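**Student:** One structure coming up, written as structure tokens, with questions to follow.
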Amino acid sequence: MNLKSLNPLQKLGGMAVLCMFFGITACRNEQDLPPNILYILADDMGYGDLSVYNPEGKIATPYLDALAKQGMRFTDAHSPSSVCTPTRYSILTGRYPWRSRKPVGVLRGYSRTLIEPDQLTVAKLLRQHGYRTAVIGKWHLGVDWAVKEGREHLLESDDYGIATDMDPNDIDFEGPINGGPRAAGFEYSYILPASLDMPPYCYIENQKLVETPTDSTEGNSLDSGYTGPFWRGGLKSPSFVFEDVLPHFISKAIEFIDKQEAQRPFFLYLPLTGPHTPWLPDSNHSGHSGAGEYGDFVQQIDAAIGSILDKLDKRGLADQTLVIFASDNGPYWRQQEIEKYGHRSAGELRGMKADAYEGGHRIPFIVRWPGKVKDGTVSDATFSLTSLMATCMDILGETNSGYMPEDSYSLLPVLLGRSTLIEEQPAVVHSASNGYFAIRKGDWKLIEGLGSGGFTPPKEIVAAPGQAHGQLYNLAKDIQETQNLYDDHPDVVEELSRELKNIRETKSRILRNR
């Protein structure tokens with residue numbers, strides 16, 4: 001349209017048409033924006049800790065129960081590892097943790113960056129698509145601490161700070177902090193380096209210490225068996241207060257959400273510090289559950305998540321936000337706690353955190369996405385937390401890269417009700433804290449070794465002559481993993497062993513057009 005050739009009335013009409021066109025386009029673009037993504041990761045929360053999963057439990061979780069009623073609850077979701085660091089690696093990269101530079105075990109607060117510099121992450125992917133990306137909470141994937149002058153040679157070893165911890169005496173806490181969240185694609189970060197029971201106890205905001213750890217703590221409840229208000233001794237920032245960490249991260253998350261605008265989507269990865277030790281319920285929740293300090297702390301976390309969801313509502317962002325809640329692994333809840341409180345933190349499942357048994361890696365997983373995920377639905381699809389990358393790619397229609405992380409498979413067809421299972425996924429692999437592999441395909445689960453592989457005794461058993469060398473369970477008939485069928489079904493053992501070998505040898509996948 002050439003406005004110069006028109007009379008004034010025609011010009012006004014033409015301008016009105018243009019305004020209407022651009023207005024419609026603006027509305028369409030706003031409606032077509034990809035969803036905000038809020039990924040809330042609890043730390044050591046068990047499958048049976050949510051009342052929606054375990055009505056007979058001694059813990060009430062009304063806010064997470066409500067979230068489940070507003071979306072889809074999964075009953076067969078799994079962490080790729082039964083401990084912290086490996087699972088976090090997998091969530092952000094879409095790769096099984098044993099493909100990383102630390103295939104077994106966890107990092108500490110003095111560890112260097114685990115995610116490879118050139119590795120695609122969920123945050124990098126979403127940032128490429130215009131998202132604001134932020135991580136607030138427990139990082140536990142290492143940062144590249146600066147070293148003191150004269151000790152630069154230590155950084156020449158790939159193992160320093162990965163296979164072994166950095167010596168805090170080697171660290172220059174006034175120097176620049178590299179790697180970590182920024183290298184993984186996060187635009188904004190406010191983190192605790194590792195777990196809340198691992199020094200140094202300090203906050204890092206956008207790669208800078210909020211306060212230098214010049215003080216120290218002797219530790220707390222060191223004889224508790226890693227329960228209660230337990231934390232290890234070590235360096236801390238002078239004003240660091242353990243009881244304030246969870247509410248502080250919630251406050252920072254709310255502050256981040258408050259700053260967001262509808263025109264640009266955001267990805268907020270919110271890895272909480274609890275109910276991992278120390279168990280530190282506040283006065284509003286202490287004594288309110290039937291499962292001691294742990295149960296009280298879970299209820300505080302539930303309320304904290306409720307405040308985050310409430311903020312989305314108040315900002316008018318709830319309808320355009322995909323909310324995912326999960327736990328990084330099973331609970332640390334021993335037999336003596338089960339007997340004392342009558343609460344089964346892992347529900348009916350065998351084992352706990354660090355184990356190859358179901359209690360170590362079967363986790364609560366809830367998704368709410370208004371207008372996309374049907375309210376109050378339950379899915380028994382089997383999958384692992386490596387799924388986030390492929391799901392985000394599917395949501396974004398990302399097919400141009402031709403690359404997909406080796407172990408990530410999209411949940412989108414299940415979320416949208418188009419499928420009841422992850423069709424392309426060959427199997428799901430888990431790893432215990434000692435490195436035991438377990439593979440799940442259909443009803444069958446194979447564990448390559450005897451014993452739990454984790455905290456449940458016995459951890460490891462050496463097979464006697466003529467004894468089975470591994471464990472095979474039919475979970476459809478034996479969810480508690482009580483009957484080892486390894487010797488009874490050699491064909492199944494052979495098939496699962498072959499599938500596990502194939503998965504471990506997979507180096508890359510081609511993303512096929514959808």
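Just so we're on the same page: first chain in the structure tokens is A, next is B, and so on; residues restart at 1 for each chain, and ligands are numbered from 1 in the order they show up.
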Tell me, counting only C-alpha atoms, for each residue of stretch 51-102 of chain A within 8 Å of stretch 303-312 of chain A, which pair of atoms is nearest and how far apart they are in Å to one decimal, in rows ordered by chain and increasing number, as JSON lines.

**Tutor:**
```
{"residue": "A:Thr61", "atom": "CA", "partner": "A:Ala303", "partner_atom": "CA", "distance": 7.8}
{"residue": "A:Tyr63", "atom": "CA", "partner": "A:Gly306", "partner_atom": "CA", "distance": 5.3}
{"residue": "A:Leu64", "atom": "CA", "partner": "A:Gly306", "partner_atom": "CA", "distance": 7.5}
```

**Student:** Quick one: write out the picked residues with N, CA, C and O atoms as an mmCIF file, in the first residue's frame?

**Tutor:**
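Saved to part-v3.cif:
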```
data_model
loop_
_atom_site.group_PDB
_atom_site.id
_atom_site.type_symbol
_atom_site.label_atom_id
_atom_site.label_comp_id
_atom_site.auth_asym_id
_atom_site.auth_seq_id
_atom_site.Cartn_x
_atom_site.Cartn_y
_atom_site.Cartn_z
ATOM 1 N N THR A 61 1.171 -32.971 51.827
ATOM 2 C CA THR A 61 1.740 -32.093 50.801
ATOM 3 C C THR A 61 0.611 -31.494 49.954
ATOM 4 O O THR A 61 0.465 -31.825 48.773
ATOM 5 N N TYR A 63 0.036 -28.624 48.490
ATOM 6 C CA TYR A 63 0.326 -27.820 47.307
ATOM 7 C C TYR A 63 0.781 -28.687 46.131
ATOM 8 O O TYR A 63 0.364 -28.465 44.986
ATOM 9 N N LEU A 64 1.618 -29.672 46.404
ATOM 10 C CA LEU A 64 2.027 -30.584 45.341
ATOM 11 C C LEU A 64 0.878 -31.503 44.942
ATOM 12 O O LEU A 64 0.745 -31.870 43.766
#
```

**Student:** So that I can check the surroundings of A:Ser81, please list as an mmCIF file with N, CA, C and O atoms, in the first residue's frame every protein, DNA and RNA residue that reaches within 9 Å of it, counting only C-alpha atoms and ignoring chain neighbours fewer than 3 positions away.

**Tutor:**
```
data_model
loop_
_atom_site.group_PDB
_atom_site.id
_atom_site.type_symbol
_atom_site.label_atom_id
_atom_site.label_comp_id
_atom_site.auth_asym_id
_atom_site.auth_seq_id
_atom_site.Cartn_x
_atom_site.Cartn_y
_atom_site.Cartn_z
ATOM 1 N N HIS A 78 11.926 -41.928 36.619
ATOM 2 C CA HIS A 78 13.165 -42.358 37.257
ATOM 3 C C HIS A 78 14.277 -41.325 37.105
ATOM 4 O O HIS A 78 14.395 -40.665 36.066
ATOM 5 N N CYS A 84 23.040 -37.327 43.770
ATOM 6 C CA CYS A 84 22.789 -35.947 43.333
ATOM 7 C C CYS A 84 23.446 -35.517 42.027
ATOM 8 O O CYS A 84 22.778 -35.230 41.040
ATOM 9 N N THR A 85 24.775 -35.383 42.040
ATOM 10 C CA THR A 85 25.485 -34.794 40.898
ATOM 11 C C THR A 85 25.153 -35.466 39.572
ATOM 12 O O THR A 85 24.861 -34.781 38.582
ATOM 13 N N PRO A 86 25.207 -36.789 39.478
ATOM 14 C CA PRO A 86 24.966 -37.429 38.176
ATOM 15 C C PRO A 86 23.602 -37.081 37.581
ATOM 16 O O PRO A 86 23.492 -36.836 36.378
ATOM 17 N N THR A 87 22.570 -37.062 38.425
ATOM 18 C CA THR A 87 21.241 -36.737 37.932
ATOM 19 C C THR A 87 21.180 -35.321 37.392
ATOM 20 O O THR A 87 20.588 -35.054 36.341
ATOM 21 N N SER A 90 22.550 -35.086 34.009
ATOM 22 C CA SER A 90 21.654 -35.662 33.007
ATOM 23 C C SER A 90 20.479 -34.750 32.682
ATOM 24 O O SER A 90 20.054 -34.657 31.528
ATOM 25 N N TYR A 96 23.201 -39.739 29.853
ATOM 26 C CA TYR A 96 23.398 -40.494 31.082
ATOM 27 C C TYR A 96 24.687 -40.038 31.766
ATOM 28 O O TYR A 96 25.674 -39.711 31.089
ATOM 29 N N PRO A 97 24.704 -40.042 33.080
ATOM 30 C CA PRO A 97 25.842 -39.466 33.813
ATOM 31 C C PRO A 97 27.151 -40.222 33.635
ATOM 32 O O PRO A 97 28.223 -39.622 33.753
ATOM 33 N N ASP A 328 15.575 -35.497 42.627
ATOM 34 C CA ASP A 328 16.812 -35.916 41.955
ATOM 35 C C ASP A 328 17.146 -37.382 42.189
ATOM 36 O O ASP A 328 17.945 -37.960 41.452
ATOM 37 N N ASN A 329 16.574 -37.986 43.191
ATOM 38 C CA ASN A 329 16.771 -39.420 43.476
ATOM 39 C C ASN A 329 15.866 -39.799 44.632
ATOM 40 O O ASN A 329 15.059 -38.977 45.099
ATOM 41 N N ALA A 354 20.828 -43.829 46.596
ATOM 42 C CA ALA A 354 22.097 -44.471 46.229
ATOM 43 C C ALA A 354 21.924 -45.897 45.735
ATOM 44 O O ALA A 354 22.845 -46.458 45.131
ATOM 45 N N ASP A 355 20.769 -46.520 45.955
ATOM 46 C CA ASP A 355 20.558 -47.925 45.599
ATOM 47 C C ASP A 355 20.210 -48.111 44.121
ATOM 48 O O ASP A 355 19.656 -47.215 43.475
ATOM 49 N N ALA A 356 20.465 -49.330 43.645
ATOM 50 C CA ALA A 356 19.975 -49.745 42.331
ATOM 51 C C ALA A 356 18.517 -50.177 42.406
ATOM 52 O O ALA A 356 17.846 -50.288 41.381
ATOM 53 N N GLY A 360 15.671 -46.199 45.135
ATOM 54 C CA GLY A 360 16.788 -45.305 44.906
ATOM 55 C C GLY A 360 16.572 -44.352 43.752
ATOM 56 O O GLY A 360 17.177 -43.266 43.727
ATOM 57 N N HIS A 361 15.729 -44.733 42.785
ATOM 58 C CA HIS A 361 15.618 -43.924 41.575
ATOM 59 C C HIS A 361 14.213 -43.719 41.040
ATOM 60 O O HIS A 361 14.026 -42.889 40.136
ATOM 61 N N VAL A 429 18.030 -46.674 31.665
ATOM 62 C CA VAL A 429 19.201 -47.137 32.412
ATOM 63 C C VAL A 429 19.365 -46.323 33.695
ATOM 64 O O VAL A 429 19.199 -45.103 33.693
ATOM 65 N N HIS A 430 19.689 -47.019 34.777
ATOM 66 C CA HIS A 430 19.970 -46.379 36.060
ATOM 67 C C HIS A 430 21.376 -46.767 36.505
ATOM 68 O O HIS A 430 21.907 -47.790 36.086
ATOM 69 N N SER A 431 21.946 -45.958 37.375
ATOM 70 C CA SER A 431 23.226 -46.345 37.984
ATOM 71 C C SER A 431 23.191 -46.054 39.475
ATOM 72 O O SER A 431 22.659 -45.025 39.912
ATOM 73 N N ALA A 432 23.726 -46.984 40.264
ATOM 74 C CA ALA A 432 23.793 -46.830 41.714
ATOM 75 C C ALA A 432 25.058 -46.081 42.091
ATOM 76 O O ALA A 432 25.935 -45.833 41.262
ATOM 77 N N SER A 433 25.189 -45.736 43.367
ATOM 78 C CA SER A 433 26.328 -44.922 43.799
ATOM 79 C C SER A 433 27.656 -45.641 43.653
ATOM 80 O O SER A 433 28.707 -45.013 43.547
#
```

**Student:** Near A:Val367, counting only C-alpha atoms, which residues have an atom at most 9 Å away, once you skip same-chain residues fewer than 2 positions from it, shown as a ChimeraX atom specification?

**Tutor:** /A:67-68,70-74,322-326,365,369,373,415

**Student:** Any chance you could export the current selection's all heavy atoms as a CSV table (one decimal), in the first residue's frame?

**Tutor:**
```
chain,number,residue,atom,x,y,z
A,67,LEU,N,-1.1,-29.5,42.6
A,67,LEU,CA,-0.4,-29.4,41.3
A,67,LEU,C,-0.7,-30.7,40.5
A,67,LEU,O,-0.9,-30.6,39.3
A,67,LEU,CB,1.1,-29.3,41.5
A,67,LEU,CG,2.0,-29.0,40.3
A,67,LEU,CD1,1.7,-27.6,39.7
A,67,LEU,CD2,3.4,-29.2,40.6
A,68,ALA,N,-0.7,-31.8,41.1
A,68,ALA,CA,-1.0,-33.1,40.4
A,68,ALA,C,-2.4,-33.1,39.9
A,68,ALA,O,-2.7,-33.6,38.8
A,68,ALA,CB,-0.8,-34.3,41.4
A,70,GLN,N,-4.0,-30.6,38.9
A,70,GLN,CA,-4.1,-29.6,37.8
A,70,GLN,C,-3.3,-30.0,36.5
A,70,GLN,O,-3.2,-29.3,35.6
A,70,GLN,CB,-3.5,-28.2,38.3
A,70,GLN,CG,-4.3,-27.6,39.4
A,70,GLN,CD,-3.5,-26.5,40.1
A,70,GLN,OE1,-2.4,-26.3,39.8
A,70,GLN,NE2,-4.2,-26.0,41.1
A,71,GLY,N,-2.7,-31.2,36.6
A,71,GLY,CA,-1.8,-31.7,35.5
A,71,GLY,C,-1.7,-33.2,35.4
A,71,GLY,O,-2.7,-33.9,35.7
A,72,MET,N,-0.5,-33.6,35.1
A,72,MET,CA,-0.3,-35.1,35.0
A,72,MET,C,0.7,-35.6,36.0
A,72,MET,O,1.8,-35.0,36.2
A,72,MET,CB,0.2,-35.4,33.5
A,72,MET,CG,0.4,-36.9,33.2
A,72,MET,SD,0.9,-37.2,31.5
A,72,MET,CE,-0.6,-36.9,30.6
A,73,ARG,N,0.3,-36.6,36.7
A,73,ARG,CA,1.2,-37.3,37.6
A,73,ARG,C,1.8,-38.6,37.1
A,73,ARG,O,1.0,-39.4,36.6
A,73,ARG,CB,0.5,-37.5,38.9
A,73,ARG,CG,1.3,-38.3,40.0
A,73,ARG,CD,0.5,-38.3,41.3
A,73,ARG,NE,-0.7,-39.1,41.3
A,73,ARG,CZ,-0.8,-40.4,41.5
A,73,ARG,NH1,0.3,-41.1,41.9
A,73,ARG,NH2,-1.9,-41.0,41.5
A,74,PHE,N,3.1,-38.7,37.2
A,74,PHE,CA,3.7,-40.0,36.6
A,74,PHE,C,4.0,-40.9,37.7
A,74,PHE,O,4.5,-40.5,38.8
A,74,PHE,CB,5.0,-39.6,35.9
A,74,PHE,CG,4.7,-38.9,34.5
A,74,PHE,CD1,4.4,-37.5,34.5
A,74,PHE,CD2,4.7,-39.6,33.3
A,74,PHE,CE1,4.2,-36.9,33.3
A,74,PHE,CE2,4.5,-38.9,32.1
A,74,PHE,CZ,4.2,-37.6,32.1
A,322,LEU,N,4.8,-23.9,31.8
A,322,LEU,CA,5.0,-25.4,31.9
A,322,LEU,C,5.7,-25.6,33.2
A,322,LEU,O,6.9,-25.2,33.4
A,322,LEU,CB,5.7,-26.0,30.8
A,322,LEU,CG,6.2,-27.4,30.9
A,322,LEU,CD1,5.1,-28.4,31.0
A,322,LEU,CD2,7.1,-27.7,29.6
A,323,VAL,N,5.1,-26.2,34.2
A,323,VAL,CA,5.7,-26.4,35.5
A,323,VAL,C,6.0,-27.9,35.6
A,323,VAL,O,5.1,-28.8,35.4
A,323,VAL,CB,4.8,-26.0,36.7
A,323,VAL,CG1,5.4,-26.4,38.0
A,323,VAL,CG2,4.5,-24.5,36.6
A,324,ILE,N,7.3,-28.2,36.0
A,324,ILE,CA,7.7,-29.6,36.2
A,324,ILE,C,8.2,-29.7,37.6
A,324,ILE,O,9.1,-28.9,38.0
A,324,ILE,CB,8.8,-30.0,35.2
A,324,ILE,CG1,8.3,-29.9,33.7
A,324,ILE,CG2,9.3,-31.4,35.4
A,324,ILE,CD1,9.4,-30.1,32.7
A,325,PHE,N,7.7,-30.7,38.3
A,325,PHE,CA,8.3,-31.0,39.6
A,325,PHE,C,8.8,-32.4,39.6
A,325,PHE,O,8.2,-33.3,39.2
A,325,PHE,CB,7.2,-30.9,40.7
A,325,PHE,CG,7.7,-31.4,42.1
A,325,PHE,CD1,8.5,-30.7,42.9
A,325,PHE,CD2,7.4,-32.7,42.4
A,325,PHE,CE1,9.0,-31.2,44.1
A,325,PHE,CE2,7.9,-33.3,43.6
A,325,PHE,CZ,8.7,-32.5,44.4
A,326,ALA,N,10.0,-32.6,40.2
A,326,ALA,CA,10.7,-33.9,40.3
A,326,ALA,C,11.6,-33.9,41.5
A,326,ALA,O,11.8,-32.9,42.1
A,326,ALA,CB,11.4,-34.2,39.0
A,365,PHE,N,7.0,-37.3,40.0
A,365,PHE,CA,7.2,-36.4,38.8
A,365,PHE,C,5.8,-35.9,38.4
A,365,PHE,O,4.9,-36.7,38.1
A,365,PHE,CB,7.8,-37.2,37.7
A,365,PHE,CG,8.3,-36.4,36.5
A,365,PHE,CD1,9.6,-35.9,36.4
A,365,PHE,CD2,7.4,-36.1,35.5
A,365,PHE,CE1,10.0,-35.1,35.4
A,365,PHE,CE2,7.8,-35.3,34.4
A,365,PHE,CZ,9.1,-34.8,34.3
A,369,TRP,N,0.6,-28.0,32.7
A,369,TRP,CA,0.7,-27.1,31.5
A,369,TRP,C,-0.7,-26.8,31.0
A,369,TRP,O,-1.3,-27.5,30.3
A,369,TRP,CB,1.5,-27.8,30.4
A,369,TRP,CG,1.9,-26.9,29.2
A,369,TRP,CD1,1.7,-25.6,29.1
A,369,TRP,CD2,2.5,-27.3,28.0
A,369,TRP,NE1,2.2,-25.1,27.9
A,369,TRP,CE2,2.7,-26.2,27.2
A,369,TRP,CE3,3.0,-28.6,27.6
A,369,TRP,CZ2,3.3,-26.2,26.0
A,369,TRP,CZ3,3.6,-28.6,26.3
A,369,TRP,CH2,3.8,-27.4,25.5
A,373,VAL,N,-1.9,-30.0,28.9
A,373,VAL,CA,-1.9,-31.3,29.7
A,373,VAL,C,-3.2,-31.3,30.5
A,373,VAL,O,-3.6,-30.4,31.2
A,373,VAL,CB,-0.7,-31.3,30.7
A,373,VAL,CG1,-0.9,-32.5,31.6
A,373,VAL,CG2,0.6,-31.3,30.0
A,415,LEU,N,2.5,-36.1,27.3
A,415,LEU,CA,1.9,-35.0,27.9
A,415,LEU,C,0.6,-34.5,27.2
A,415,LEU,O,-0.4,-34.1,27.8
A,415,LEU,CB,2.9,-33.8,28.0
A,415,LEU,CG,4.1,-34.0,28.9
A,415,LEU,CD1,5.1,-32.9,28.8
A,415,LEU,CD2,3.7,-34.2,30.3
```

**Student:** So what do you get for atom CA of A:Pro247 versus atom CA of A:Pro331, distance-wise?

**Tutor:**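 Computed distance, atom CA of A:Pro247 to atom CA of A:Pro331, equals 21.2 Å.
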
**Student:** Go through stretch 271-508 of chain A and collect every residue that DSSP, computed from the backbone, puts in strand (DSSP E or B); the answer should be as a ChimeraX atom specification.

**Tutor:** /A:271-275,321-327,362-368,377-379,383-384,403-404,428-431,437-441,444-447,450,461,471-474

**Student:** Residues near A:Gly179, anyone? I mean within 10 Å using only C-alpha atoms, not counting same-chain ones fewer than 6 positions away, as a list of chain:residue names.

**Tutor:**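 Non-adjacent residues within range: A:Arg112, A:Thr113, A:Leu114, A:Ile115, A:Glu116, A:Pro117, A:Leu141, A:Gly142, A:Val143, A:Asp144, A:Trp145, A:Gln207.
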
**Student:** What gap, in Å, lies between atom CA of A:Ala381 and atom CA of A:Val414?

**Tutor:**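 So the two atoms, atom CA of A:Ala381 and atom CA of A:Val414, lie 7.8 Å apart.
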
**Student:** Record the distance separating atom CA of A:Ile204 and atom CA of A:Leu235, expressed in Å with one decimal.

**Tutor:**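 Computing it gives 14.3 Å between the two atoms.
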
**Student:** Tell me, as a list in words, which residues lie within 9 Å of stretch 342-345 of chain A, counting only C-alpha atoms; anything in the same chain fewer than 5 positions away does not count.

**Tutor:**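 Using only C-alpha atoms, the neighbours found are Met45, Gly46, Tyr47, Gly48, Asp49, Leu50, Asn54, Glu56, Gly57, Lys58, Ile59, Gly290, Ala291, Gly330, Pro331, Tyr332, Trp333, Gln335, Glu337, Met352 and Gly359 of chain A.
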
**Student:** For the helix (DSSP H, G or I) assignment from backbone DSSP, which residues of stretch 51-129 of chain A qualify? Please present them as a list in words.

**Tutor:**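 After running DSSP on the backbone, stretch 51-129 of chain A has helix (DSSP H, G or I) at Pro62, Tyr63, Leu64, Asp65, Ala66, Leu67, Ala68, Lys69, Cys84, Thr85, Pro86, Thr87, Arg88, Tyr89, Ser90, Ile91, Leu92, Thr93, Pro97, Trp98, Arg99, Val122, Ala123, Lys124, Leu125, Leu126, Arg127 and Gln128 of chain A.
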
**Student:** I want to know what sits within 7 Å of stretch 158-162 of chain A, based on only C-alpha atoms, with residues of the same chain fewer than 6 positions away left out; could you give that as a count of residues only?

**Tutor:** 5

**Student:** Report as a tab-separated table: every residue of stretch 275-375 of chain A with an atom at most 12 Å from stretch 259-264 of chain A, its closest pair of atoms, and their distance in Å to one decimal, counting only C-alpha atoms, with rows sorted by chain and ascending residue number.

**Tutor:**
```
residue	atom	partner	partner_atom	distance
A:Lys311	CA	A:Lys259	CA	11.4
A:Leu312	CA	A:Gln260	CA	10.3
A:Arg315	CA	A:Gln260	CA	9.0
A:Gly316	CA	A:Ala262	CA	8.9
A:Leu317	CA	A:Ala262	CA	7.5
A:Ala318	CA	A:Ala262	CA	11.0
A:Asp319	CA	A:Ala262	CA	11.1
A:Gln320	CA	A:Ala262	CA	8.7
A:Thr321	CA	A:Ala262	CA	10.5
```

**Student:** Go through stretch 27-126 of chain A residue by residue and, counting only C-alpha atoms, keep those with an atom at most 7 Å from stretch 271-274 of chain A; for each kept residue give the shortest atom pair and its distance in Å to one decimal, ordered by chain and increasing number, as a Markdown table.

**Tutor:**
```
| residue | atom | partner | partner_atom | distance |
| --- | --- | --- | --- | --- |
| A:Ile40 | CA | A:Pro271 | CA | 5.9 |
| A:Leu41 | CA | A:Pro271 | CA | 4.5 |
| A:Ala42 | CA | A:Leu272 | CA | 5.2 |
| A:Asp43 | CA | A:Gly274 | CA | 5.0 |
| A:Asp44 | CA | A:Gly274 | CA | 6.9 |
```

**Student:** Would you mind exporting all heavy atoms of the selected residues as a compact mmCIF listing (two decimals), in the first residue's frame?

**Tutor:**
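Written file, out_16.txt:
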```txt
# COMPACT_ATOMS: atom_id res chain seq x y z
N ILE A 40 11.24 -27.45 38.94
CA ILE A 40 11.51 -27.50 40.39
C ILE A 40 12.04 -28.88 40.73
O ILE A 40 11.36 -29.89 40.51
CB ILE A 40 10.24 -27.20 41.21
CG1 ILE A 40 9.63 -25.86 40.80
CG2 ILE A 40 10.55 -27.22 42.70
CD1 ILE A 40 8.27 -25.58 41.43
N LEU A 41 13.24 -28.92 41.27
CA LEU A 41 13.88 -30.20 41.60
C LEU A 41 14.09 -30.29 43.11
O LEU A 41 14.89 -29.55 43.68
CB LEU A 41 15.22 -30.32 40.89
CG LEU A 41 15.95 -31.66 41.02
CD1 LEU A 41 15.20 -32.76 40.28
CD2 LEU A 41 17.39 -31.56 40.52
N ALA A 42 13.35 -31.19 43.75
CA ALA A 42 13.58 -31.45 45.17
C ALA A 42 14.84 -32.29 45.32
O ALA A 42 15.27 -32.97 44.38
CB ALA A 42 12.39 -32.16 45.78
N ASP A 43 15.42 -32.27 46.50
CA ASP A 43 16.68 -32.97 46.76
C ASP A 43 16.42 -34.10 47.76
O ASP A 43 16.12 -33.83 48.93
CB ASP A 43 17.69 -31.96 47.32
CG ASP A 43 19.11 -32.49 47.33
OD1 ASP A 43 19.33 -33.64 46.92
OD2 ASP A 43 20.01 -31.75 47.77
N ASP A 44 16.51 -35.33 47.30
CA ASP A 44 16.31 -36.51 48.17
C ASP A 44 14.87 -36.68 48.64
O ASP A 44 14.64 -37.22 49.72
CB ASP A 44 17.22 -36.45 49.40
CG ASP A 44 18.68 -36.71 49.10
OD1 ASP A 44 19.04 -36.74 47.91
OD2 ASP A 44 19.46 -36.85 50.06
```

**Student:** Set the distance at 8 Å and use only C-alpha atoms: which residues neighbour A:Gln300 once local chain neighbours fewer than 6 positions away are removed? I'd like the list as a list of chain:residue names.

**Tutor:**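 Using only C-alpha atoms, the neighbours found are A:Pro281, A:Asp282, A:His285.
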
**Student:** What are the closest atom pairs, with distances in Å to one decimal, for all residues of stretch 399-460 of chain A lying within 12 Å of stretch 467-482 of chain A? Consider only C-alpha atoms, order rows by chain and residue number, and present the result as a tab-separated table.

**Tutor:**
```
residue	atom	partner	partner_atom	distance
A:Tyr436	CA	A:Gly470	CA	10.1
A:Phe437	CA	A:Gly470	CA	10.3
A:Ala438	CA	A:Gln471	CA	9.1
A:Ile439	CA	A:Leu472	CA	9.7
A:Arg440	CA	A:Leu475	CA	9.4
A:Lys441	CA	A:Asn474	CA	10.0
A:Gly442	CA	A:Leu475	CA	8.8
A:Asp443	CA	A:Leu475	CA	5.3
A:Trp444	CA	A:Asn474	CA	4.7
A:Lys445	CA	A:Tyr473	CA	5.3
A:Leu446	CA	A:Leu472	CA	4.6
A:Ile447	CA	A:Gln471	CA	5.0
A:Glu448	CA	A:Gly470	CA	5.0
A:Gly449	CA	A:Gly470	CA	4.3
A:Leu450	CA	A:Gly470	CA	5.4
A:Gly451	CA	A:Gln471	CA	8.7
A:Ser452	CA	A:Gln471	CA	10.1
A:Gly453	CA	A:Gly470	CA	11.5
A:Glu460	CA	A:Gly470	CA	10.8
```
